[in-house]
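Enquirer: Got a file for you: my_file.csv, CSV, C-alpha atoms.
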```
chain,number,residue,atom,x,y,z
A,1,MET,CA,-2.2,-70.7,8.3
A,2,ASN,CA,1.2,-69.0,8.4
A,3,SER,CA,1.5,-67.3,11.8
A,4,ASP,CA,4.5,-65.2,10.7
A,5,THR,CA,2.5,-63.7,7.9
A,6,ASP,CA,-0.4,-62.9,10.3
A,7,ALA,CA,1.9,-61.4,12.9
A,8,THR,CA,4.0,-59.2,10.7
A,9,PRO,CA,2.3,-56.3,9.1
A,10,TRP,CA,3.5,-55.1,5.6
A,11,ASN,CA,4.3,-51.6,4.6
A,12,ILE,CA,1.0,-50.9,2.8
A,13,ALA,CA,2.5,-48.1,0.8
A,14,GLU,CA,4.6,-50.7,-1.0
A,15,LEU,CA,1.5,-51.9,-2.8
A,16,TRP,CA,2.3,-49.3,-5.4
A,17,ASP,CA,5.7,-48.4,-6.9
A,18,ASP,CA,4.5,-44.8,-7.5
A,19,TYR,CA,2.8,-44.4,-4.1
A,20,ARG,CA,2.1,-40.9,-3.0
A,21,PRO,CA,-0.4,-39.6,-0.3
A,22,THR,CA,-3.7,-38.3,-1.5
A,23,PRO,CA,-4.1,-34.5,-0.9
A,24,LEU,CA,-5.7,-32.9,2.1
A,25,ILE,CA,-7.1,-29.5,1.1
A,26,ALA,CA,-8.6,-26.6,2.9
A,27,LEU,CA,-11.9,-25.2,1.7
A,28,PRO,CA,-12.4,-21.7,3.2
A,29,ALA,CA,-15.5,-21.0,1.2
A,30,LEU,CA,-17.1,-24.2,2.6
A,31,ALA,CA,-16.0,-23.2,6.1
A,32,ARG,CA,-17.8,-19.9,5.7
A,33,HIS,CA,-20.9,-21.7,4.3
A,34,THR,CA,-21.1,-24.0,7.2
A,35,GLY,CA,-20.2,-21.5,9.9
A,36,VAL,CA,-17.0,-23.1,11.1
A,37,ALA,CA,-13.4,-22.1,11.3
A,38,GLN,CA,-12.0,-24.6,8.9
A,39,VAL,CA,-13.1,-27.5,6.6
A,40,LEU,CA,-10.4,-29.9,5.4
A,41,VAL,CA,-11.1,-32.5,2.7
A,42,LYS,CA,-9.1,-35.7,2.0
A,43,CYS,CA,-9.3,-36.4,-1.7
A,44,GLU,CA,-9.5,-40.2,-2.0
A,45,GLY,CA,-10.6,-40.0,-5.7
A,46,GLN,CA,-6.9,-39.6,-6.5
A,47,ARG,CA,-6.1,-43.0,-4.9
A,48,PRO,CA,-5.3,-45.9,-7.2
A,49,LEU,CA,-8.6,-47.4,-8.5
A,50,GLY,CA,-10.2,-44.0,-7.8
A,51,ASN,CA,-11.3,-44.7,-4.2
A,52,PHE,CA,-10.0,-45.5,-0.7
A,53,LYS,CA,-11.1,-49.2,-1.0
A,54,ALA,CA,-7.9,-49.7,-2.9
A,55,LEU,CA,-6.2,-49.7,0.5
A,56,GLY,CA,-8.3,-52.2,2.3
A,57,GLY,CA,-9.4,-54.7,-0.3
A,58,MET,CA,-6.0,-55.0,-2.0
A,59,TYR,CA,-4.1,-55.4,1.2
A,60,ALA,CA,-6.5,-57.9,2.7
A,61,GLY,CA,-6.7,-59.9,-0.5
A,62,LEU,CA,-2.9,-60.1,-0.9
A,63,ARG,CA,-2.5,-61.0,2.8
A,64,ALA,CA,-5.0,-63.8,2.5
A,65,LEU,CA,-3.1,-65.2,-0.5
A,66,ALA,CA,0.2,-64.9,1.4
A,67,ARG,CA,-1.3,-66.9,4.3
A,68,ALA,CA,-2.6,-69.6,1.9
A,69,THR,CA,0.8,-70.0,0.1
A,70,GLY,CA,3.1,-69.4,3.1
A,71,ALA,CA,4.6,-66.2,1.6
A,72,SER,CA,6.1,-63.9,4.2
A,73,SER,CA,6.1,-60.7,2.2
A,74,LEU,CA,4.5,-59.0,-0.7
A,75,ARG,CA,7.6,-59.5,-2.8
A,76,GLU,CA,7.7,-63.2,-2.0
A,77,LEU,CA,4.0,-63.5,-2.9
A,78,GLU,CA,4.6,-62.0,-6.3
A,79,THR,CA,7.2,-64.7,-7.1
A,80,ARG,CA,4.7,-67.5,-6.3
A,81,LYS,CA,2.2,-67.0,-9.1
A,82,ARG,CA,2.3,-70.6,-10.0
A,83,ALA,CA,1.0,-71.3,-6.4
A,84,THR,CA,-1.4,-68.4,-6.2
A,85,GLY,CA,-2.9,-69.3,-9.6
A,86,THR,CA,-4.7,-72.2,-7.9
A,87,TYR,CA,-6.6,-69.9,-5.6
A,88,ARG,CA,-9.7,-67.7,-6.0
A,89,LEU,CA,-10.6,-64.7,-4.0
A,90,LEU,CA,-14.3,-64.1,-3.2
A,91,CYS,CA,-16.1,-61.0,-2.0
A,92,ALA,CA,-19.4,-59.2,-1.9
A,93,SER,CA,-19.4,-55.6,-2.9
A,94,ASP,CA,-21.4,-52.6,-4.0
A,95,GLY,CA,-18.6,-51.9,-6.4
A,96,ASN,CA,-15.4,-50.4,-4.9
A,97,HIS,CA,-14.4,-53.2,-2.5
A,98,GLY,CA,-14.9,-55.7,-5.3
A,99,LEU,CA,-12.7,-53.7,-7.6
A,100,ALA,CA,-9.9,-53.7,-5.0
A,101,VAL,CA,-10.2,-57.5,-4.4
A,102,ALA,CA,-10.1,-58.1,-8.2
A,103,ALA,CA,-7.0,-55.9,-8.4
A,104,ALA,CA,-5.3,-58.0,-5.7
A,105,ALA,CA,-6.1,-61.2,-7.5
A,106,ALA,CA,-4.9,-59.9,-10.8
A,107,ARG,CA,-1.6,-58.7,-9.2
A,108,ALA,CA,-0.9,-62.1,-7.6
A,109,GLY,CA,-2.1,-64.2,-10.6
A,110,ALA,CA,-5.1,-65.6,-8.7
A,111,GLY,CA,-8.8,-65.8,-9.8
A,112,ALA,CA,-11.6,-63.7,-8.3
A,113,SER,CA,-15.4,-63.8,-8.1
A,114,VAL,CA,-17.2,-60.7,-7.0
A,115,TYR,CA,-20.8,-60.9,-5.9
A,116,LEU,CA,-22.7,-57.7,-6.7
A,117,PRO,CA,-26.3,-56.8,-5.9
A,118,ALA,CA,-28.5,-56.5,-9.0
A,119,ASP,CA,-28.8,-52.7,-8.6
A,120,VAL,CA,-25.1,-52.0,-8.9
A,121,ASP,CA,-24.7,-50.1,-12.1
A,122,ALA,CA,-23.1,-51.7,-15.2
A,123,GLY,CA,-20.2,-49.3,-15.3
A,124,ARG,CA,-18.9,-50.5,-11.9
A,125,ALA,CA,-19.4,-54.1,-12.9
A,126,ARG,CA,-17.4,-53.6,-16.1
A,127,ARG,CA,-14.5,-52.1,-14.2
A,128,ILE,CA,-14.3,-55.2,-12.1
A,129,ALA,CA,-14.6,-57.6,-15.1
A,130,ARG,CA,-11.8,-55.7,-16.9
A,131,LEU,CA,-9.5,-56.8,-14.1
A,132,GLY,CA,-10.3,-60.5,-14.9
A,133,ALA,CA,-12.8,-61.1,-12.2
A,134,LEU,CA,-16.0,-63.1,-12.6
A,135,VAL,CA,-18.9,-60.8,-11.7
A,136,VAL,CA,-21.8,-62.7,-10.1
A,137,ARG,CA,-25.1,-60.8,-9.9
A,138,VAL,CA,-27.2,-61.5,-6.8
A,139,HIS,CA,-30.9,-60.7,-6.7
A,140,GLY,CA,-31.5,-58.5,-3.6
A,141,THR,CA,-29.4,-56.2,-1.5
A,142,TYR,CA,-25.8,-55.9,-0.6
A,143,ASP,CA,-26.4,-58.1,2.4
A,144,ASP,CA,-27.8,-60.8,0.1
A,145,ALA,CA,-24.6,-60.6,-1.8
A,146,VAL,CA,-22.7,-60.9,1.4
A,147,ASP,CA,-24.6,-64.1,2.2
A,148,ALA,CA,-23.9,-65.5,-1.3
A,149,ALA,CA,-20.2,-64.9,-1.1
A,150,GLN,CA,-20.1,-66.5,2.4
A,151,ALA,CA,-22.0,-69.5,1.0
A,152,ALA,CA,-19.5,-69.8,-1.8
A,153,ALA,CA,-16.6,-69.7,0.6
A,154,LEU,CA,-18.2,-72.4,2.8
A,155,ARG,CA,-18.5,-74.6,-0.4
A,156,GLY,CA,-14.8,-74.3,-0.8
A,157,ASP,CA,-15.0,-72.0,-3.9
A,158,GLY,CA,-12.3,-69.7,-2.6
A,159,LEU,CA,-10.9,-67.4,0.0
A,160,LEU,CA,-13.5,-64.9,1.4
A,161,ILE,CA,-12.2,-61.3,1.5
A,162,ALA,CA,-15.0,-59.6,3.4
A,163,ASP,CA,-14.9,-56.1,4.6
A,164,THR,CA,-17.5,-56.9,7.2
A,165,SER,CA,-18.0,-59.7,9.7
A,166,GLU,CA,-20.1,-60.7,12.7
A,167,ASP,CA,-16.8,-61.9,14.4
A,168,PRO,CA,-15.1,-58.9,16.2
A,169,ASN,CA,-11.7,-60.7,15.7
A,170,ASP,CA,-12.1,-61.6,12.0
A,171,PRO,CA,-8.5,-61.5,10.6
A,172,VAL,CA,-9.5,-60.5,7.1
A,173,VAL,CA,-11.6,-57.6,8.2
A,174,ARG,CA,-8.7,-56.7,10.5
A,175,ASP,CA,-6.5,-56.5,7.4
A,176,VAL,CA,-9.0,-54.4,5.5
A,177,MET,CA,-9.1,-51.9,8.4
A,178,ALA,CA,-5.3,-52.0,8.6
A,179,GLY,CA,-5.2,-51.0,5.0
A,180,TYR,CA,-7.3,-48.0,5.7
A,181,GLY,CA,-4.8,-47.1,8.3
A,182,LEU,CA,-2.5,-45.8,5.6
A,183,LEU,CA,-5.0,-43.0,4.9
A,184,VAL,CA,-5.0,-42.2,8.6
A,185,ASP,CA,-1.2,-42.2,8.7
A,186,GLU,CA,-1.2,-39.7,5.9
A,187,LEU,CA,-3.7,-37.5,7.7
A,188,ARG,CA,-1.6,-37.4,10.9
A,189,ALA,CA,1.3,-35.9,8.9
A,190,GLN,CA,-0.9,-33.6,6.7
A,191,LEU,CA,-2.9,-32.1,9.5
A,192,HIS,CA,0.2,-30.2,10.6
A,193,GLU,CA,0.2,-28.4,7.2
A,194,HIS,CA,-3.2,-26.8,8.1
A,195,GLY,CA,-2.7,-25.9,11.8
A,196,ASP,CA,-1.7,-27.5,15.0
A,197,GLY,CA,-2.4,-31.0,13.8
A,198,ARG,CA,-5.7,-31.3,15.6
A,199,ILE,CA,-9.3,-31.2,14.5
A,200,SER,CA,-12.5,-30.9,16.4
A,201,HIS,CA,-14.7,-33.2,14.3
A,202,ALA,CA,-14.5,-35.8,11.6
A,203,PHE,CA,-17.7,-36.4,9.6
A,204,VAL,CA,-17.1,-39.8,8.0
A,205,GLN,CA,-19.5,-41.7,5.9
A,206,ALA,CA,-20.2,-45.4,6.7
A,207,GLY,CA,-21.4,-48.5,4.8
A,208,VAL,CA,-20.4,-51.2,7.3
A,209,GLY,CA,-18.3,-48.8,9.4
A,210,GLY,CA,-14.7,-49.8,8.6
A,211,LEU,CA,-13.4,-46.4,7.4
A,212,ALA,CA,-15.0,-44.6,10.2
A,213,ALA,CA,-13.5,-47.0,12.7
A,214,ALA,CA,-10.0,-46.6,11.2
A,215,VAL,CA,-10.4,-42.8,11.6
A,216,ALA,CA,-11.7,-43.1,15.1
A,217,GLN,CA,-8.8,-45.3,16.1
A,218,GLY,CA,-6.0,-43.5,14.2
A,219,LEU,CA,-7.0,-39.9,15.1
A,220,HIS,CA,-8.5,-40.4,18.6
A,221,ASP,CA,-5.8,-38.2,20.1
A,222,ARG,CA,-6.4,-35.5,17.5
A,223,LEU,CA,-10.2,-35.3,17.8
A,224,ALA,CA,-12.2,-33.4,20.4
A,225,GLN,CA,-13.9,-35.6,22.9
A,226,PRO,CA,-16.7,-36.5,23.2
A,227,ALA,CA,-18.6,-36.6,19.9
A,228,GLY,CA,-15.6,-35.8,17.7
A,229,LEU,CA,-16.2,-38.7,15.3
A,230,VAL,CA,-19.5,-38.5,13.6
A,231,VAL,CA,-20.6,-41.4,11.4
A,232,VAL,CA,-22.9,-40.3,8.6
A,233,GLU,CA,-25.3,-42.8,6.9
A,234,PRO,CA,-28.2,-42.7,4.5
A,235,GLU,CA,-31.6,-42.9,6.2
A,236,ALA,CA,-32.4,-46.0,4.2
A,237,ALA,CA,-29.2,-47.8,5.3
A,238,ALA,CA,-28.3,-46.6,8.8
A,239,CYS,CA,-27.0,-49.9,10.0
A,240,VAL,CA,-24.1,-48.4,12.1
A,241,ALA,CA,-26.5,-46.1,14.0
A,242,HIS,CA,-28.7,-49.1,14.7
A,243,ALA,CA,-25.8,-51.2,15.9
A,244,LEU,CA,-24.5,-48.4,18.2
A,245,SER,CA,-28.0,-48.0,19.7
A,246,GLN,CA,-28.4,-51.8,20.2
A,247,GLY,CA,-24.8,-52.4,21.3
A,248,ALA,CA,-24.3,-55.1,18.7
A,249,PRO,CA,-24.7,-55.5,14.9
A,250,SER,CA,-28.1,-56.6,13.7
A,251,ARG,CA,-29.5,-56.5,10.2
A,252,ILE,CA,-31.9,-53.6,9.5
A,253,PRO,CA,-35.0,-54.1,7.4
A,254,GLY,CA,-35.8,-52.5,4.0
A,255,ASP,CA,-34.4,-52.6,0.5
A,256,LEU,CA,-31.4,-50.2,1.4
A,257,ARG,CA,-32.0,-48.2,-1.8
A,258,THR,CA,-30.1,-44.9,-1.7
A,259,SER,CA,-28.3,-42.7,-4.2
A,260,ALA,CA,-25.2,-43.3,-2.0
A,261,GLU,CA,-24.8,-46.7,-3.5
A,262,MET,CA,-21.5,-47.5,-1.8
A,263,LEU,CA,-23.2,-47.0,1.6
A,264,SER,CA,-26.1,-49.4,0.9
A,265,CYS,CA,-25.4,-51.8,3.7
A,266,GLY,CA,-27.8,-53.4,6.2
A,267,LEU,CA,-25.5,-54.9,8.8
A,268,ALA,CA,-22.6,-53.2,10.5
A,269,SER,CA,-19.2,-54.8,10.9
A,270,ALA,CA,-18.6,-56.2,14.4
A,271,PRO,CA,-14.9,-55.3,14.3
A,272,ALA,CA,-15.7,-51.7,13.3
A,273,LEU,CA,-18.5,-51.4,15.8
A,274,ARG,CA,-16.2,-52.4,18.7
A,275,VAL,CA,-13.7,-49.6,17.7
A,276,LEU,CA,-16.5,-47.0,17.2
A,277,ARG,CA,-18.0,-47.8,20.6
A,278,ASP,CA,-14.6,-47.7,22.3
A,279,HIS,CA,-14.0,-44.2,20.9
A,280,GLY,CA,-17.4,-42.7,21.6
A,281,ALA,CA,-18.5,-42.2,18.0
A,282,VAL,CA,-22.0,-40.9,17.3
A,283,ALA,CA,-24.1,-41.4,14.2
A,284,ILE,CA,-26.5,-39.3,12.2
A,285,ALA,CA,-28.6,-40.3,9.2
A,286,VAL,CA,-29.3,-38.0,6.2
A,287,ASP,CA,-32.0,-38.1,3.6
A,288,GLU,CA,-31.7,-38.5,-0.1
A,289,SER,CA,-32.0,-34.8,-1.0
A,290,ALA,CA,-29.1,-34.0,1.4
A,291,LEU,CA,-26.9,-36.7,-0.2
A,292,VAL,CA,-27.5,-35.6,-3.7
A,293,ASN,CA,-27.0,-31.9,-2.9
A,294,ALA,CA,-23.8,-32.5,-0.9
A,295,ALA,CA,-21.8,-33.6,-3.9
A,296,ALA,CA,-22.7,-30.4,-5.8
A,297,CYS,CA,-22.1,-28.3,-2.7
A,298,LEU,CA,-18.6,-29.7,-2.2
A,299,HIS,CA,-17.6,-28.9,-5.8
A,300,GLU,CA,-19.2,-25.5,-5.8
A,301,HIS,CA,-17.1,-24.5,-2.8
A,302,GLY,CA,-13.8,-25.6,-4.3
A,303,GLY,CA,-13.8,-29.3,-3.4
A,304,PRO,CA,-13.2,-32.3,-5.7
A,305,ARG,CA,-15.9,-33.9,-7.8
A,306,THR,CA,-17.4,-36.9,-6.2
A,307,SER,CA,-20.5,-39.0,-5.8
A,308,SER,CA,-23.3,-39.0,-3.3
A,309,SER,CA,-21.4,-41.7,-1.4
A,310,GLY,CA,-18.2,-39.6,-1.5
A,311,ALA,CA,-19.8,-36.5,-0.2
A,312,ALA,CA,-22.0,-38.1,2.5
A,313,GLY,CA,-19.8,-36.7,5.3
A,314,LEU,CA,-20.5,-33.2,4.1
A,315,ALA,CA,-24.2,-34.1,3.9
A,316,GLY,CA,-24.0,-34.8,7.6
A,317,LEU,CA,-22.1,-31.6,8.4
A,318,LEU,CA,-24.6,-29.5,6.5
A,319,GLN,CA,-27.5,-31.1,8.3
A,320,ALA,CA,-25.9,-30.6,11.7
A,321,THR,CA,-25.1,-27.0,11.1
A,322,VAL,CA,-28.7,-26.0,10.4
A,323,ASP,CA,-30.1,-28.1,13.4
A,324,ASP,CA,-29.6,-26.2,16.6
A,325,ARG,CA,-30.0,-29.3,18.7
A,326,ALA,CA,-27.5,-31.3,16.7
A,327,ARG,CA,-25.1,-28.4,16.5
A,328,SER,CA,-25.2,-28.1,20.3
A,329,ALA,CA,-25.0,-31.8,21.0
A,330,LEU,CA,-21.9,-32.2,18.7
A,331,GLY,CA,-20.2,-29.1,20.0
A,332,LEU,CA,-20.0,-27.4,16.7
A,333,SER,CA,-19.1,-23.7,16.7
A,334,ALA,CA,-17.4,-20.9,14.8
A,335,ALA,CA,-14.1,-22.3,16.2
A,336,SER,CA,-14.6,-25.9,14.9
A,337,THR,CA,-12.1,-27.5,12.5
A,338,ILE,CA,-13.8,-30.2,10.4
A,339,LEU,CA,-12.4,-33.2,8.5
A,340,LEU,CA,-14.3,-34.7,5.6
A,341,ILE,CA,-13.2,-37.5,3.3
A,342,ALA,CA,-14.3,-37.5,-0.4
A,343,THR,CA,-14.0,-41.2,-0.7
A,344,GLU,CA,-14.3,-41.8,-4.5
A,345,GLN,CA,-14.2,-40.3,-8.0
A,346,PRO,CA,-17.7,-39.6,-9.5
A,347,ARG,CA,-19.2,-42.4,-11.6
A,348,ASP,CA,-18.5,-42.4,-15.3
```
Just dump the structure as structure tokens.
Expert:
Amino acid sequence: MNSDTDATPWNIAELWDDYRPTPLIALPALARHTGVAQVLVKCEGQRPLGNFKALGGMYAGLRALARATGASSLRELETRKRATGTYRLLCASDGNHGLAVAAAAARAGAGASVYLPADVDAGRARRIARLGALVVRVHGTYDDAVDAAQAAALRGDGLLIADTSEDPNDPVVRDVMAGYGLLVDELRAQLHEHGDGRISHAFVQAGVGGLAAAVAQGLHDRLAQPAGLVVVEPEAAACVAHALSQGAPSRIPGDLRTSAEMLSCGLASAPALRVLRDHGAVAIAVDESALVNAAACLHEHGGPRTSSSGAAGLAGLLQATVDDRARSALGLSAASTILLIATEQPRD
């Protein structure tokens, strides 16, 4: 392992020659609808690949290839395609992380195998395959796909680019979360365009918790304390809430079926959980009708089109605003400023 590569972070924005921050927009109609002062939405559907996972999966995949080949920079890695061509990246995904890892492999001239649960729709699988990756269907849940990818890595089939781990210090998951840090850096600048640079609450959807952890860590000084960071999950896949209550990740039972397919995860990430606990995050679970309705509500009130996964943060806000106990516990009021993240484009 190349310690210099591990120790020196890259400028993540350099992953794209035409990099530009995704927009942060104010939705006054949605603020009135939810009874708060301001709702701000970060539009990640405009990110390369159409979702925020482009930041984490691409960065972590390229960093892993750099470690394997001894490249000390992205530019050096790109000149070593003869060396990287002997490597294969492996990952499990509900769709978007796999797309990002496949894109990293294609950029560096490496191979990729992406393990997808059987229920992932064909359109997402086709997008991954078009980047040259081998799509491996796994009977069962996302967590079964995680197990299959881990087993392949243990057999020596390739480099595992996981976005979740039971190891709180996992270097690849650390790189994934560092990639999401670019989104947070953008927010720190953009929030000043909509006020004093502070927000009272961020309602952030979670699969394994990586994005929520990046927001908790990167915006801790901009959020109200306590209960400023609210993790929102489907009732059928509330693994972060379970981990927060137990103090450690443990797999939840059930088939994890939810319309918010990108959040269909049964085991929280240990690195993410440590950050979320350190910053006092709270978690709420929302039902399927709330998830489906949130995407339509967001667009009807001037926001971007997105999926149930992409609008899950709003589903949490809508639920909290009509529940007097939750509203009081979270400190929501007519003076609150809310951050939401529309994490992906809607499906084809």
Enquirer: For range 124-195 of chain A versus range 265-272 of chain A, which residues have an atom no more than 6 Å away, and what is each residue's nearest atom pair and distance in Å rounded to one decimal, using all atoms listed in the file, chain-then-number order, as a tab-separated table?
Expert:
```
residue	atom	partner	partner_atom	distance
A:Tyr142	CA	A:Cys265	CA	6.0
A:Thr164	CA	A:Ser269	CA	4.6
A:Ser165	CA	A:Ser269	CA	5.2
A:Glu166	CA	A:Ala270	CA	5.0
A:Asp167	CA	A:Ala270	CA	6.0
A:Pro168	CA	A:Pro271	CA	4.1
```
Enquirer: Neighbourhood query: residues within 8 Å of (-5.1, -49.8, -4.9), file coordinates, counting all atoms listed in the file; return as a list of chain:residue names.
Expert: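 Here is the list of nearby residues: A:Leu15, A:Trp16, A:Arg47, A:Pro48, A:Leu49, A:Phe52, A:Lys53, A:Ala54, A:Leu55, A:Gly57, A:Met58, A:Ala100, A:Ala103.
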Enquirer: Using only C-alpha atoms, what residues lie at most 10 Å away from (-20.1, -65.3, 0.1) (file coordinates), given as a list in words?
Expert: Leu90, Cys91, Ala92, Ser113, Val114, Tyr115, Asp143, Asp144, Ala145, Val146, Asp147, Ala148, Ala149, Gln150, Ala151, Ala152, Ala153, Leu154, Arg155, Asp157, Gly158, Leu159, Leu160, Ile161 and Ala162 of chain A
Enquirer: Quick check, in Å to one decimal: how far apart do CA of Asn169 in chain A and CA of Asp278 in chain A lie?
Expert: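 For CA of Asn169 in chain A relative to CA of Asp278 in chain A, the distance reads 14.9 Å.
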Enquirer: Show me, as a list of chain:residue names, the residues that have an atom within 7 Å of range 335-342 of chain A when counting only C-alpha atoms, minus same-chain residues fewer than 4 positions from it.
Expert: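 My list of contacting residues is A:Val36, A:Ala37, A:Gln38, A:Val39, A:Leu40, A:Val41, A:Lys42, A:Cys43, A:Glu44, A:Gly45, A:Ile199, A:Ser200, A:His201, A:Ala202, A:Phe203, A:Val204, A:Thr306, A:Gly310, A:Ala311, A:Gly313, A:Leu314.
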Enquirer: Just give me the gap between CA of Ala29 in chain A and CA of Gly303 in chain A in Å, one decimal is fine.
Expert: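 According to the coordinates, CA of Ala29 in chain A and CA of Gly303 in chain A are separated by 9.6 Å.
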Enquirer: Let me make sure I understand: among A:Pro171, A:Pro304, A:Gly85, A:Gly156, which one has the smallest atom-to-atom distance to Gln345 in chain A if we use all atoms listed in the file?
Expert: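 Smallest distance to Gln345 in chain A is found for A:Pro304.
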Enquirer: Counting all atoms listed in the file, which of A:Arg347, A:Arg67, A:Arg32, A:Arg126 gets nearest to Ala260 in chain A?
Expert: A:Arg347
Enquirer: Kindly give the distance, in Å, that separates CA of Leu256 in chain A and CA of Gly56 in chain A, rounded to a single decimal.
Expert: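 Between CA of Leu256 in chain A and CA of Gly56 in chain A the gap works out to 23.2 Å.
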Enquirer: Sort by chain and increasing residue number a table of all residues of range 217-295 of chain A within 12 Å of range 315-329 of chain A, each with its closest pair of atoms and their distance in Å to one decimal, counting only C-alpha atoms, and write it as a Markdown table.
Expert:
```
| residue | atom | partner | partner_atom | distance |
| --- | --- | --- | --- | --- |
| A:Gln225 | CA | A:Ala329 | CA | 11.9 |
| A:Pro226 | CA | A:Ala329 | CA | 9.8 |
| A:Ala227 | CA | A:Ala329 | CA | 8.1 |
| A:Gly228 | CA | A:Ala329 | CA | 10.7 |
| A:Leu229 | CA | A:Leu317 | CA | 11.5 |
| A:Val230 | CA | A:Gly316 | CA | 8.4 |
| A:Val231 | CA | A:Gly316 | CA | 8.3 |
| A:Val232 | CA | A:Gly316 | CA | 5.7 |
| A:Glu233 | CA | A:Gly316 | CA | 8.1 |
| A:Pro234 | CA | A:Gly316 | CA | 9.5 |
| A:Glu235 | CA | A:Gly316 | CA | 11.2 |
| A:Ala260 | CA | A:Ala315 | CA | 11.0 |
| A:Val282 | CA | A:Ala329 | CA | 10.3 |
| A:Ala283 | CA | A:Gly316 | CA | 9.3 |
| A:Ile284 | CA | A:Gly316 | CA | 6.9 |
| A:Ala285 | CA | A:Gly316 | CA | 7.3 |
| A:Val286 | CA | A:Gly316 | CA | 6.3 |
| A:Asp287 | CA | A:Ala315 | CA | 8.8 |
| A:Glu288 | CA | A:Ala315 | CA | 9.6 |
| A:Ser289 | CA | A:Ala315 | CA | 9.2 |
| A:Ala290 | CA | A:Ala315 | CA | 5.5 |
| A:Leu291 | CA | A:Ala315 | CA | 5.6 |
| A:Val292 | CA | A:Ala315 | CA | 8.4 |
| A:Asn293 | CA | A:Ala315 | CA | 7.7 |
| A:Ala294 | CA | A:Ala315 | CA | 5.1 |
| A:Ala295 | CA | A:Ala315 | CA | 8.2 |
```
Enquirer: Of the candidates A:Ile25, A:Val208, A:Ala64, A:Ala213, which shows the shortest atom-to-atom distance to Val101 in chain A, using only C-alpha atoms?
Expert: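 So, comparing all the options, the nearest one is A:Ala64.
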Enquirer: Quick one: everything within 8 Å of Leu131 in chain A, counting all atoms listed in the file, minus sequence neighbours fewer than 3 positions away in the same chain. Send it as a list in words.
Expert: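 Residues near the query, excluding close chain neighbours: Leu99, Ala102, Ala103, Ala106, Arg127 and Ile128 of chain A.
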